[in-house]
>>> print(open('entry-v7.cif').read())   # mmCIF, C-alpha atoms
data_start
#
loop_
_atom_site.group_PDB
_atom_site.id
_atom_site.type_symbol
_atom_site.label_atom_id
_atom_site.label_comp_id
_atom_site.auth_asym_id
_atom_site.auth_seq_id
_atom_site.Cartn_x
_atom_site.Cartn_y
_atom_site.Cartn_z
ATOM 1 C CA MET A 1 2.009 -42.868 -34.349
ATOM 2 C CA PRO A 2 3.984 -42.175 -31.205
ATOM 3 C CA ASP A 3 6.257 -44.742 -29.699
ATOM 4 C CA ARG A 4 3.687 -46.199 -27.302
ATOM 5 C CA THR A 5 5.997 -47.303 -24.601
ATOM 6 C CA LEU A 6 4.332 -44.453 -22.727
ATOM 7 C CA ASP A 7 0.618 -43.686 -22.892
ATOM 8 C CA CYS A 8 -0.829 -40.225 -22.268
ATOM 9 C CA ALA A 9 -1.582 -40.851 -18.596
ATOM 10 C CA GLU A 10 1.947 -42.098 -17.946
ATOM 11 C CA PHE A 11 3.427 -39.182 -19.841
ATOM 12 C CA ARG A 12 1.402 -36.639 -17.886
ATOM 13 C CA ALA A 13 2.296 -38.289 -14.599
ATOM 14 C CA ARG A 14 5.979 -37.770 -15.426
ATOM 15 C CA ILE A 15 5.742 -34.069 -16.361
ATOM 16 C CA ASP A 16 6.290 -32.692 -12.853
ATOM 17 C CA GLY A 17 9.222 -35.020 -12.298
ATOM 18 C CA PHE A 18 10.787 -34.030 -15.597
ATOM 19 C CA LEU A 19 10.493 -30.332 -14.786
ATOM 20 C CA ALA A 20 11.965 -31.002 -11.346
ATOM 21 C CA GLY A 21 15.036 -32.487 -13.046
ATOM 22 C CA ALA A 22 14.342 -36.212 -13.411
ATOM 23 C CA GLU A 23 15.687 -37.974 -16.511
ATOM 24 C CA ALA A 24 12.944 -38.102 -19.144
ATOM 25 C CA GLY A 25 14.023 -40.962 -21.341
ATOM 26 C CA ALA A 26 13.454 -41.718 -25.013
ATOM 27 C CA ALA A 27 9.840 -42.807 -24.566
ATOM 28 C CA PHE A 28 8.932 -39.489 -22.936
ATOM 29 C CA GLU A 29 10.626 -37.607 -25.756
ATOM 30 C CA ALA A 30 8.943 -39.696 -28.439
ATOM 31 C CA HIS A 31 5.514 -39.218 -26.932
ATOM 32 C CA ALA A 32 5.967 -35.437 -26.639
ATOM 33 C CA ALA A 33 7.014 -35.238 -30.292
ATOM 34 C CA GLU A 34 3.931 -37.063 -31.542
ATOM 35 C CA CYS A 35 1.093 -36.302 -29.114
ATOM 36 C CA GLY A 36 -0.001 -32.680 -29.484
ATOM 37 C CA GLN A 37 -2.240 -32.646 -26.420
ATOM 38 C CA CYS A 38 0.459 -34.011 -24.156
ATOM 39 C CA LEU A 39 2.985 -31.553 -25.575
ATOM 40 C CA GLU A 40 0.526 -28.761 -24.733
ATOM 41 C CA ARG A 41 0.329 -30.074 -21.164
ATOM 42 C CA LEU A 42 4.101 -30.173 -20.945
ATOM 43 C CA LEU A 43 4.453 -26.646 -22.329
ATOM 44 C CA ASP A 44 1.788 -25.245 -20.006
ATOM 45 C CA ALA A 45 3.520 -26.840 -17.030
ATOM 46 C CA ALA A 46 6.926 -25.597 -18.184
ATOM 47 C CA LEU A 47 5.591 -22.070 -18.677
ATOM 48 C CA ALA A 48 4.152 -22.126 -15.164
ATOM 49 C CA HIS A 49 7.545 -23.219 -13.870
ATOM 50 C CA PRO A 50 9.300 -20.045 -12.645
ATOM 51 C CA ALA A 51 12.221 -18.915 -14.779
ATOM 52 C CA GLU A 52 15.558 -19.377 -13.039
ATOM 53 C CA ALA A 53 16.872 -15.946 -12.241
ATOM 54 C CA PRO A 54 18.415 -15.694 -8.787
ATOM 55 C CA VAL A 55 18.618 -12.189 -7.375
ATOM 56 C CA PRO A 56 22.309 -11.268 -7.019
ATOM 57 C CA ALA A 57 23.453 -10.426 -3.508
ATOM 58 C CA GLY A 58 23.368 -6.702 -2.790
ATOM 59 C CA PHE A 59 20.995 -5.901 -5.615
ATOM 60 C CA ALA A 60 18.752 -3.650 -3.496
ATOM 61 C CA ALA A 61 21.728 -1.695 -2.162
ATOM 62 C CA ARG A 62 23.177 -1.195 -5.652
ATOM 63 C CA THR A 63 19.807 -0.006 -6.925
ATOM 64 C CA LEU A 64 19.332 2.394 -4.021
ATOM 65 C CA ALA A 65 22.796 3.797 -4.707
ATOM 66 C CA ARG A 66 21.645 4.782 -8.184
ATOM 67 C CA LEU A 67 18.510 6.560 -6.970
ATOM 68 C CA PRO A 68 19.837 10.098 -6.424
ATOM 69 C CA ALA A 69 20.599 10.231 -10.138
ATOM 70 C CA ALA A 70 17.050 9.160 -10.771
ATOM 71 C CA ALA A 71 15.336 11.888 -8.777
ATOM 72 C CA PRO A 72 11.657 12.253 -9.597
ATOM 73 C CA SER A 73 11.111 13.892 -12.958
ATOM 74 C CA VAL A 74 10.417 17.619 -13.190
ATOM 75 C CA LEU A 75 8.018 16.925 -16.068
ATOM 76 C CA PRO A 76 4.845 16.936 -13.922
ATOM 77 C CA TYR A 77 5.889 20.305 -12.462
ATOM 78 C CA ALA A 78 6.594 21.656 -15.940
ATOM 79 C CA ILE A 79 3.159 20.514 -17.112
ATOM 80 C CA ALA A 80 1.495 22.054 -14.058
ATOM 81 C CA ALA A 81 3.366 25.329 -14.639
ATOM 82 C CA ALA A 82 2.331 25.339 -18.303
ATOM 83 C CA CYS A 83 -1.320 24.749 -17.354
ATOM 84 C CA LEU A 84 -1.155 27.570 -14.797
ATOM 85 C CA LEU A 85 0.374 29.920 -17.343
ATOM 86 C CA PHE A 86 -2.288 28.951 -19.861
ATOM 87 C CA ALA A 87 -5.039 29.610 -17.287
ATOM 88 C CA LEU A 88 -3.565 33.017 -16.401
ATOM 89 C CA LEU A 89 -3.321 33.994 -20.055
ATOM 90 C CA ALA A 90 -6.874 32.843 -20.659
ATOM 91 C CA ALA A 91 -8.101 34.841 -17.656
ATOM 92 C CA TRP A 92 -6.242 37.918 -18.866
ATOM 93 C CA ALA A 93 -7.583 37.500 -22.393
ATOM 94 C CA LEU A 94 -11.096 37.072 -21.049
ATOM 95 C CA HIS A 95 -10.741 40.165 -18.869
ATOM 96 C CA THR A 96 -9.483 42.360 -21.680
ATOM 97 C CA GLY A 97 -11.948 41.052 -24.272
ATOM 98 C CA LEU A 98 -9.104 39.651 -26.311
ATOM 99 C CA LEU A 99 -10.521 36.150 -25.910
ATOM 100 C CA PHE A 100 -13.649 37.068 -27.866
ATOM 101 C CA ASP A 101 -11.526 38.554 -30.659
ATOM 102 C CA ALA A 102 -9.365 35.433 -30.627
ATOM 103 C CA GLY A 103 -12.485 33.279 -30.699
ATOM 104 C CA ARG A 104 -13.794 35.126 -33.742
ATOM 105 C CA TRP A 105 -10.365 34.804 -35.378
ATOM 106 C CA LEU A 106 -10.274 31.048 -34.691
ATOM 107 C CA ALA A 107 -13.838 30.595 -35.937
ATOM 108 C CA GLY A 108 -12.802 32.387 -39.125
ATOM 109 C CA ILE A 109 -9.846 30.024 -39.600
ATOM 110 C CA VAL A 110 -11.995 26.943 -38.981
ATOM 111 C CA ALA A 111 -14.503 28.179 -41.549
ATOM 112 C CA ARG A 112 -11.846 28.952 -44.165
ATOM 113 C CA ARG A 113 -9.390 26.094 -43.500
ATOM 114 C CA PRO A 114 -11.301 23.231 -41.861
ATOM 115 C CA VAL A 115 -8.676 20.568 -42.671
ATOM 116 C CA LEU A 116 -5.836 22.688 -41.302
ATOM 117 C CA ALA A 117 -7.876 23.424 -38.172
ATOM 118 C CA ALA A 118 -8.619 19.731 -37.674
ATOM 119 C CA ILE A 119 -4.926 18.842 -37.995
ATOM 120 C CA ALA A 120 -3.971 21.571 -35.511
ATOM 121 C CA ALA A 121 -6.633 20.374 -33.042
ATOM 122 C CA PHE A 122 -5.377 16.803 -33.420
ATOM 123 C CA GLU A 123 -1.784 17.888 -32.807
ATOM 124 C CA ILE A 124 -2.681 19.910 -29.720
ATOM 125 C CA GLY A 125 -4.850 17.106 -28.348
ATOM 126 C CA GLY A 126 -2.125 14.571 -29.043
ATOM 127 C CA SER A 127 0.420 16.706 -27.213
ATOM 128 C CA PHE A 128 -1.801 16.836 -24.136
ATOM 129 C CA VAL A 129 -2.313 13.060 -24.211
ATOM 130 C CA TRP A 130 1.428 12.481 -24.598
ATOM 131 C CA ALA A 131 2.209 14.851 -21.715
ATOM 132 C CA TRP A 132 -0.393 13.177 -19.530
ATOM 133 C CA ARG A 133 0.963 9.696 -20.246
ATOM 134 C CA ALA A 134 4.564 10.835 -19.738
ATOM 135 C CA ALA A 135 3.603 12.328 -16.378
ATOM 136 C CA ARG A 136 2.005 9.024 -15.327
ATOM 137 C CA THR A 137 5.024 6.840 -16.060
ATOM 138 C CA MET B 1 3.420 5.587 1.853
ATOM 139 C CA TYR B 2 6.871 5.998 0.320
ATOM 140 C CA ARG B 3 6.915 9.733 0.731
ATOM 141 C CA ALA B 4 7.459 11.949 3.745
ATOM 142 C CA GLY B 5 6.843 15.663 3.242
ATOM 143 C CA GLY B 6 7.287 15.179 -0.493
ATOM 144 C CA LEU B 7 10.530 13.233 -0.105
ATOM 145 C CA ILE B 8 10.701 9.529 -0.811
ATOM 146 C CA VAL B 9 11.834 7.516 2.177
ATOM 147 C CA LEU B 10 14.748 5.473 0.865
ATOM 148 C CA GLN B 11 14.460 2.874 3.599
ATOM 149 C CA ASP B 12 10.858 2.168 2.576
ATOM 150 C CA PHE B 13 11.866 2.009 -1.061
ATOM 151 C CA GLY B 14 14.630 -0.440 -0.152
ATOM 152 C CA GLU B 15 12.016 -2.641 1.513
ATOM 153 C CA LEU B 16 9.846 -2.370 -1.563
ATOM 154 C CA ILE B 17 12.757 -3.552 -3.712
ATOM 155 C CA GLU B 18 13.397 -6.491 -1.389
ATOM 156 C CA ARG B 19 9.732 -7.456 -1.497
ATOM 157 C CA HIS B 20 9.377 -7.426 -5.272
ATOM 158 C CA GLN B 21 12.867 -8.169 -6.606
ATOM 159 C CA ALA B 22 12.324 -11.928 -7.019
ATOM 160 C CA MET B 23 9.179 -11.321 -9.072
ATOM 161 C CA VAL B 24 10.932 -8.667 -11.178
ATOM 162 C CA PHE B 25 13.916 -10.944 -11.887
ATOM 163 C CA ARG B 26 11.900 -14.031 -12.845
ATOM 164 C CA THR B 27 9.478 -12.009 -15.011
ATOM 165 C CA LEU B 28 12.339 -10.281 -16.807
ATOM 166 C CA ALA B 29 14.140 -13.605 -17.229
ATOM 167 C CA ARG B 30 11.103 -15.248 -18.792
ATOM 168 C CA MET B 31 10.380 -12.303 -21.077
ATOM 169 C CA THR B 32 13.954 -11.787 -22.250
ATOM 170 C CA GLY B 33 15.110 -15.402 -22.294
ATOM 171 C CA SER B 34 18.143 -14.499 -20.214
ATOM 172 C CA SER B 35 18.926 -14.941 -16.545
ATOM 173 C CA ASP B 36 21.353 -12.005 -16.580
ATOM 174 C CA VAL B 37 18.815 -9.256 -16.062
ATOM 175 C CA GLU B 38 20.277 -7.134 -13.270
ATOM 176 C CA ASP B 39 20.615 -4.013 -15.419
ATOM 177 C CA LEU B 40 17.029 -4.310 -16.606
ATOM 178 C CA ALA B 41 15.816 -4.971 -13.057
ATOM 179 C CA GLN B 42 17.579 -1.826 -11.871
ATOM 180 C CA GLU B 43 15.936 0.111 -14.686
ATOM 181 C CA VAL B 44 12.539 -1.230 -13.562
ATOM 182 C CA PHE B 45 13.027 0.014 -10.019
ATOM 183 C CA LEU B 46 14.439 3.345 -11.160
ATOM 184 C CA ARG B 47 11.342 3.879 -13.296
ATOM 185 C CA LEU B 48 9.178 2.849 -10.361
ATOM 186 C CA PHE B 49 10.972 5.425 -8.231
ATOM 187 C CA ARG B 50 10.396 8.134 -10.814
ATOM 188 C CA GLY B 51 6.779 7.102 -11.212
ATOM 189 C CA LEU B 52 5.919 7.043 -7.523
ATOM 190 C CA ARG B 53 4.039 10.306 -7.904
ATOM 191 C CA GLY B 54 1.394 8.503 -9.908
ATOM 192 C CA PHE B 55 1.409 5.561 -7.554
ATOM 193 C CA ARG B 56 -1.903 4.860 -5.845
ATOM 194 C CA GLY B 57 -0.913 2.500 -3.051
ATOM 195 C CA GLU B 58 0.133 -1.014 -2.213
ATOM 196 C CA ALA B 59 -2.856 -2.712 -3.872
ATOM 197 C CA ARG B 60 -1.609 -1.591 -7.264
ATOM 198 C CA THR B 61 2.119 -2.142 -6.715
ATOM 199 C CA SER B 62 2.301 -5.348 -8.712
ATOM 200 C CA THR B 63 0.138 -4.006 -11.552
ATOM 201 C CA PHE B 64 2.300 -0.898 -11.710
ATOM 202 C CA LEU B 65 5.514 -2.951 -11.623
ATOM 203 C CA TYR B 66 4.352 -5.411 -14.287
ATOM 204 C CA ARG B 67 3.504 -2.468 -16.547
ATOM 205 C CA ILE B 68 6.973 -1.000 -16.042
ATOM 206 C CA ILE B 69 8.584 -4.414 -16.672
ATOM 207 C CA ILE B 70 6.732 -4.737 -19.976
ATOM 208 C CA ASN B 71 7.849 -1.237 -21.011
ATOM 209 C CA VAL B 72 11.466 -1.956 -20.050
ATOM 210 C CA VAL B 73 11.447 -5.261 -21.971
ATOM 211 C CA ASN B 74 9.878 -3.606 -25.013
ATOM 212 C CA ASP B 75 12.553 -0.885 -24.953
ATOM 213 C CA GLU B 76 15.243 -3.576 -24.674
ATOM 214 C CA TRP B 77 13.654 -5.526 -27.538
ATOM 215 C CA ARG B 78 13.666 -2.416 -29.753
ATOM 216 C CA ARG B 79 17.295 -1.748 -28.819
ATOM 217 C CA ARG B 80 18.255 -5.299 -29.795
ATOM 218 C CA GLN B 81 16.337 -4.996 -33.072
ATOM 219 C CA GLN B 82 18.244 -1.815 -33.875
ATOM 220 C CA GLU B 83 21.537 -3.504 -33.056
ATOM 221 C CA ARG B 84 20.648 -6.433 -35.334
ATOM 222 C CA SER B 85 19.756 -4.069 -38.147
ATOM 223 C CA LEU B 86 23.203 -2.483 -37.810
ATOM 224 C CA LEU B 87 24.961 -5.838 -38.201
ATOM 225 C CA PRO B 88 26.770 -6.457 -41.503
ATOM 226 C CA LEU B 89 24.764 -8.438 -44.067
ATOM 227 C CA ASP B 90 26.911 -11.570 -43.604
ATOM 228 C CA ALA B 91 25.940 -11.742 -39.944
ATOM 229 C CA GLY B 92 22.280 -11.504 -40.878
ATOM 230 C CA ALA B 93 22.702 -14.614 -43.005
ATOM 231 C CA LEU B 94 23.544 -16.751 -39.962
ATOM 232 C CA PRO B 95 21.129 -19.655 -39.559
ATOM 233 C CA SER B 96 18.366 -19.163 -37.015
ATOM 234 C CA ARG B 97 18.742 -20.875 -33.659
ATOM 235 C CA MET B 98 15.202 -22.158 -34.155
ATOM 236 C CA ALA B 99 16.230 -24.316 -37.074
ATOM 237 C CA GLY B 100 17.991 -26.952 -34.990
ATOM 238 C CA PRO B 101 16.517 -30.244 -33.853
ATOM 239 C CA LEU B 102 15.632 -30.553 -30.198
ATOM 240 C CA GLU B 103 16.339 -33.352 -27.790
ATOM 241 C CA ILE B 104 14.261 -32.911 -24.683
ATOM 242 C CA ALA B 105 15.647 -35.817 -22.707
ATOM 243 C CA GLU B 106 17.228 -33.292 -20.388
ATOM 244 C CA ARG B 107 15.187 -30.647 -18.620
ATOM 245 C CA ARG B 108 17.799 -27.927 -19.098
ATOM 246 C CA GLN B 109 17.810 -28.423 -22.884
ATOM 247 C CA PHE B 110 14.050 -28.379 -22.996
ATOM 248 C CA LEU B 111 13.740 -25.170 -20.948
ATOM 249 C CA SER B 112 16.465 -23.534 -22.995
ATOM 250 C CA ALA B 113 14.631 -24.414 -26.231
ATOM 251 C CA LEU B 114 11.409 -23.115 -24.738
ATOM 252 C CA ALA B 115 13.131 -19.831 -23.849
ATOM 253 C CA GLU B 116 14.294 -19.520 -27.463
ATOM 254 C CA ALA B 117 10.776 -20.221 -28.705
ATOM 255 C CA ILE B 118 9.388 -17.570 -26.353
ATOM 256 C CA GLU B 119 11.920 -15.102 -27.740
ATOM 257 C CA GLU B 120 10.405 -15.620 -31.191
ATOM 258 C CA LEU B 121 6.962 -14.491 -29.968
ATOM 259 C CA SER B 122 5.817 -10.912 -30.380
ATOM 260 C CA PRO B 123 6.400 -8.684 -27.329
ATOM 261 C CA ALA B 124 2.672 -8.653 -26.544
ATOM 262 C CA GLU B 125 2.389 -12.448 -26.755
ATOM 263 C CA ARG B 126 5.455 -12.883 -24.577
ATOM 264 C CA ALA B 127 4.047 -10.571 -21.929
ATOM 265 C CA VAL B 128 0.665 -12.314 -21.861
ATOM 266 C CA VAL B 129 2.188 -15.809 -21.717
ATOM 267 C CA THR B 130 4.476 -14.805 -18.855
ATOM 268 C CA LEU B 131 1.775 -13.068 -16.859
ATOM 269 C CA TYR B 132 -0.762 -15.864 -17.355
ATOM 270 C CA PHE B 133 1.348 -18.948 -16.737
ATOM 271 C CA GLN B 134 4.296 -17.943 -14.607
ATOM 272 C CA GLU B 135 2.748 -15.070 -12.684
ATOM 273 C CA GLU B 136 -0.706 -16.679 -12.504
ATOM 274 C CA ARG B 137 -2.535 -13.452 -13.316
ATOM 275 C CA THR B 138 -6.163 -13.626 -14.465
ATOM 276 C CA TYR B 139 -7.305 -12.423 -17.885
ATOM 277 C CA GLU B 140 -8.791 -9.340 -16.220
ATOM 278 C CA GLU B 141 -5.553 -8.533 -14.396
ATOM 279 C CA ILE B 142 -3.526 -8.974 -17.580
ATOM 280 C CA ALA B 143 -5.939 -6.700 -19.435
ATOM 281 C CA ALA B 144 -5.449 -4.078 -16.714
ATOM 282 C CA ILE B 145 -1.656 -4.446 -16.776
ATOM 283 C CA THR B 146 -1.299 -4.353 -20.549
ATOM 284 C CA GLU B 147 -4.141 -1.840 -21.013
ATOM 285 C CA ALA B 148 -5.564 -4.113 -23.714
ATOM 286 C CA PRO B 149 -9.128 -5.397 -24.165
ATOM 287 C CA LEU B 150 -9.940 -8.782 -22.634
ATOM 288 C CA GLY B 151 -10.509 -10.325 -26.074
ATOM 289 C CA THR B 152 -7.083 -9.195 -27.241
ATOM 290 C CA VAL B 153 -5.447 -10.785 -24.193
ATOM 291 C CA LYS B 154 -7.177 -14.108 -24.918
ATOM 292 C CA THR B 155 -6.206 -13.922 -28.580
ATOM 293 C CA HIS B 156 -2.554 -13.240 -27.737
ATOM 294 C CA LEU B 157 -2.522 -16.162 -25.307
ATOM 295 C CA HIS B 158 -4.102 -18.559 -27.782
ATOM 296 C CA ARG B 159 -1.744 -17.557 -30.606
ATOM 297 C CA ALA B 160 1.299 -17.738 -28.351
ATOM 298 C CA ARG B 161 0.436 -21.274 -27.204
ATOM 299 C CA GLN B 162 -0.113 -22.415 -30.786
ATOM 300 C CA LYS B 163 3.191 -20.903 -31.925
ATOM 301 C CA LEU B 164 5.136 -22.431 -29.039
ATOM 302 C CA LYS B 165 3.587 -25.828 -29.644
ATOM 303 C CA ALA B 166 4.306 -25.711 -33.378
ATOM 304 C CA THR B 167 7.906 -24.607 -32.862
ATOM 305 C CA MET B 168 8.712 -27.202 -30.226
ATOM 306 C CA GLN B 169 6.947 -30.011 -32.073
ATOM 307 C CA GLN B 170 8.795 -29.205 -35.277
ATOM 308 C CA ARG B 171 12.151 -29.253 -33.525
ATOM 309 C CA MET B 172 11.468 -32.517 -31.724
ATOM 310 C CA ARG B 173 10.336 -34.214 -34.940
ATOM 311 C CA LEU B 174 13.469 -33.003 -36.730
ATOM 312 C CA CYS B 175 15.492 -34.639 -33.997
ATOM 313 C CA ARG B 176 13.695 -37.963 -34.425
ATOM 314 C CA ILE B 177 14.164 -37.880 -38.206
ATOM 315 C CA GLU B 178 17.899 -37.250 -37.812
ATOM 316 C CA ARG B 179 18.345 -40.334 -35.578
#
>>> encode(input="entry-v7.cif", output="structure tokens")
Amino acid sequence: MPDRTLDCAEFRARIDGFLAGAEAGAAFEAHAAECGQCLERLLDAALAHPAEAPVPAGFAARTLARLPAAAPSVLPYAIAAACLLFALLAAWALHTGLLFDAGRWLAGIVARRPVLAAIAAFEIGGSFVWAWRAART
Amino acid sequence: MYRAGGLIVLQDFGELIERHQAMVFRTLARMTGSSDVEDLAQEVFLRLFRGLRGFRGEARTSTFLYRIIINVVNDEWRRRQQERSLLPLDAGALPSRMAGPLEIAERRQFLSALAEAIEELSPAERAVVTLYFQEERTYEEIAAITEAPLGTVKTHLHRARQKLKATMQQRMRLCRIER
């Protein structure tokens, strides 16, 4: 049993003071060690208490000074260029009839090597997802 | 908003840093257990700068920033894990900081022990605990930030609270036994 020099109500009334820097005392400590519900209250209050991390003077200026080296990524442009190239090739293949030949060739591969085709489709799809996510962040 | 003719207006970005820097510092501090987070904070804003193209406006600034913070902390956590794995075997045999008894009579000691306990949580649990308690985000907002289902967010929060309680209780009881 906890050292009952403090009951739950008294303990909880002291939480804010403790987190503001007031001396807790042995009774407070003893109660927290033995009463799970009060410890939960204390932890919840402590977690809601903002972490102490003062912003150093001149932080914004130092960060801005680093920005030119962090110019926006060319990745989105590269992806857009790749998509455009793909569309042009597809249009050309469609125009020349090559696309239908390629389609028949792909259908033949899928029929003969379904597992290999599935892996290839997964890889290509995964690459697109990765590129899309990379472009977002 | 932060672009003019395709170029980012540095003055506006400077104002954006000023507006969000306190939040970035305290969130990083809580998630890393350290108050020396300037390098990480700079990395957060540099990633924000690079990611402005996908930025959809002021309403999502905090969501976007929290997501970047979580990614930066996760990268830092992986880096530290790699560093630890490169330590000689003798160093790995050092006793855990968590093993010690805890006196909570002083607020500073208590908060320091809590920071250590938070460090022992998984990255996902740490993020959810920080966003829920310190940043006062709702379950729905946390789900949007972490891109996790609502149920997963609640599970992480519940587990994190149980782990923190168990760790702190164990340390305080050890202290009482030793006296």
>>> atom_distance(input="entry-v7.cif", atom1="CA of Val55 (chain A)", atom2="CA of Phe25 (chain B)")
6.6 Å
>>> interface_residues(input="entry-v7.cif", of="chain A", to="chain B", cutoff="8 Å", atoms="all atoms listed in the file", output="ChimeraX atom specification")
/A:18-26,28-30,32-34,36,39-40,43-44,46-56,59-61,63-64,66-67,70-73,135-137
>>> write_last_selection(input="entry-v7.cif", atoms="C-alpha atoms", output="PDB file, keeping the file's coordinate frame")
ATOM      1  CA  PHE A  18      10.787 -34.030 -15.597  1.00  0.00           C
ATOM      2  CA  LEU A  19      10.493 -30.332 -14.786  1.00  0.00           C
ATOM      3  CA  ALA A  20      11.965 -31.002 -11.346  1.00  0.00           C
ATOM      4  CA  GLY A  21      15.036 -32.487 -13.046  1.00  0.00           C
ATOM      5  CA  ALA A  22      14.342 -36.212 -13.411  1.00  0.00           C
ATOM      6  CA  GLU A  23      15.687 -37.974 -16.511  1.00  0.00           C
ATOM      7  CA  ALA A  24      12.944 -38.102 -19.144  1.00  0.00           C
ATOM      8  CA  GLY A  25      14.023 -40.962 -21.341  1.00  0.00           C
ATOM      9  CA  ALA A  26      13.454 -41.718 -25.013  1.00  0.00           C
ATOM     10  CA  PHE A  28       8.932 -39.489 -22.936  1.00  0.00           C
ATOM     11  CA  GLU A  29      10.626 -37.607 -25.756  1.00  0.00           C
ATOM     12  CA  ALA A  30       8.943 -39.696 -28.439  1.00  0.00           C
ATOM     13  CA  ALA A  32       5.967 -35.437 -26.639  1.00  0.00           C
ATOM     14  CA  ALA A  33       7.014 -35.238 -30.292  1.00  0.00           C
ATOM     15  CA  GLU A  34       3.931 -37.063 -31.542  1.00  0.00           C
ATOM     16  CA  GLY A  36      -0.001 -32.680 -29.484  1.00  0.00           C
ATOM     17  CA  LEU A  39       2.985 -31.553 -25.575  1.00  0.00           C
ATOM     18  CA  GLU A  40       0.526 -28.761 -24.733  1.00  0.00           C
ATOM     19  CA  LEU A  43       4.453 -26.646 -22.329  1.00  0.00           C
ATOM     20  CA  ASP A  44       1.788 -25.245 -20.006  1.00  0.00           C
ATOM     21  CA  ALA A  46       6.926 -25.597 -18.184  1.00  0.00           C
ATOM     22  CA  LEU A  47       5.591 -22.070 -18.677  1.00  0.00           C
ATOM     23  CA  ALA A  48       4.152 -22.126 -15.164  1.00  0.00           C
ATOM     24  CA  HIS A  49       7.545 -23.219 -13.870  1.00  0.00           C
ATOM     25  CA  PRO A  50       9.300 -20.045 -12.645  1.00  0.00           C
ATOM     26  CA  ALA A  51      12.221 -18.915 -14.779  1.00  0.00           C
ATOM     27  CA  GLU A  52      15.558 -19.377 -13.039  1.00  0.00           C
ATOM     28  CA  ALA A  53      16.872 -15.946 -12.241  1.00  0.00           C
ATOM     29  CA  PRO A  54      18.415 -15.694  -8.787  1.00  0.00           C
ATOM     30  CA  VAL A  55      18.618 -12.189  -7.375  1.00  0.00           C
ATOM     31  CA  PRO A  56      22.309 -11.268  -7.019  1.00  0.00           C
ATOM     32  CA  PHE A  59      20.995  -5.901  -5.615  1.00  0.00           C
ATOM     33  CA  ALA A  60      18.752  -3.650  -3.496  1.00  0.00           C
ATOM     34  CA  ALA A  61      21.728  -1.695  -2.162  1.00  0.00           C
ATOM     35  CA  THR A  63      19.807  -0.006  -6.925  1.00  0.00           C
ATOM     36  CA  LEU A  64      19.332   2.394  -4.021  1.00  0.00           C
ATOM     37  CA  ARG A  66      21.645   4.782  -8.184  1.00  0.00           C
ATOM     38  CA  LEU A  67      18.510   6.560  -6.970  1.00  0.00           C
ATOM     39  CA  ALA A  70      17.050   9.160 -10.771  1.00  0.00           C
ATOM     40  CA  ALA A  71      15.336  11.888  -8.777  1.00  0.00           C
ATOM     41  CA  PRO A  72      11.657  12.253  -9.597  1.00  0.00           C
ATOM     42  CA  SER A  73      11.111  13.892 -12.958  1.00  0.00           C
ATOM     43  CA  ALA A 135       3.603  12.328 -16.378  1.00  0.00           C
ATOM     44  CA  ARG A 136       2.005   9.024 -15.327  1.00  0.00           C
ATOM     45  CA  THR A 137       5.024   6.840 -16.060  1.00  0.00           C
TER      46      THR A 137
END
>>> closest_residue(input="entry-v7.cif", among="A:Ala27, A:Thr5, A:Ile79, A:Leu85", to="Val129 (chain A)", atoms="all atoms listed in the file")
A:Ile79
>>> atom_distance(input="entry-v7.cif", atom1="CA of Ala107 (chain A)", atom2="CA of Trp132 (chain A)")
27.4 Å
>>> atom_distance(input="entry-v7.cif", atom1="CA of Glu140 (chain B)", atom2="CA of Val153 (chain B)")
8.8 Å
>>> closest_residue(input="entry-v7.cif", among="A:Ala13, A:Ala120, A:Ala57, A:Ala111", to="Ala45 (chain A)", atoms="all atoms listed in the file")
A:Ala13
>>> axis_aligned_box(input="entry-v7.cif", around="region 113-126 of chain A", padding_each_side="5 Å", output="AutoDock Vina command-line options")
--center_x -6.5 --center_y 20.3 --center_z -35.9 --size_x 19.5 --size_y 21.5 --size_z 25.2
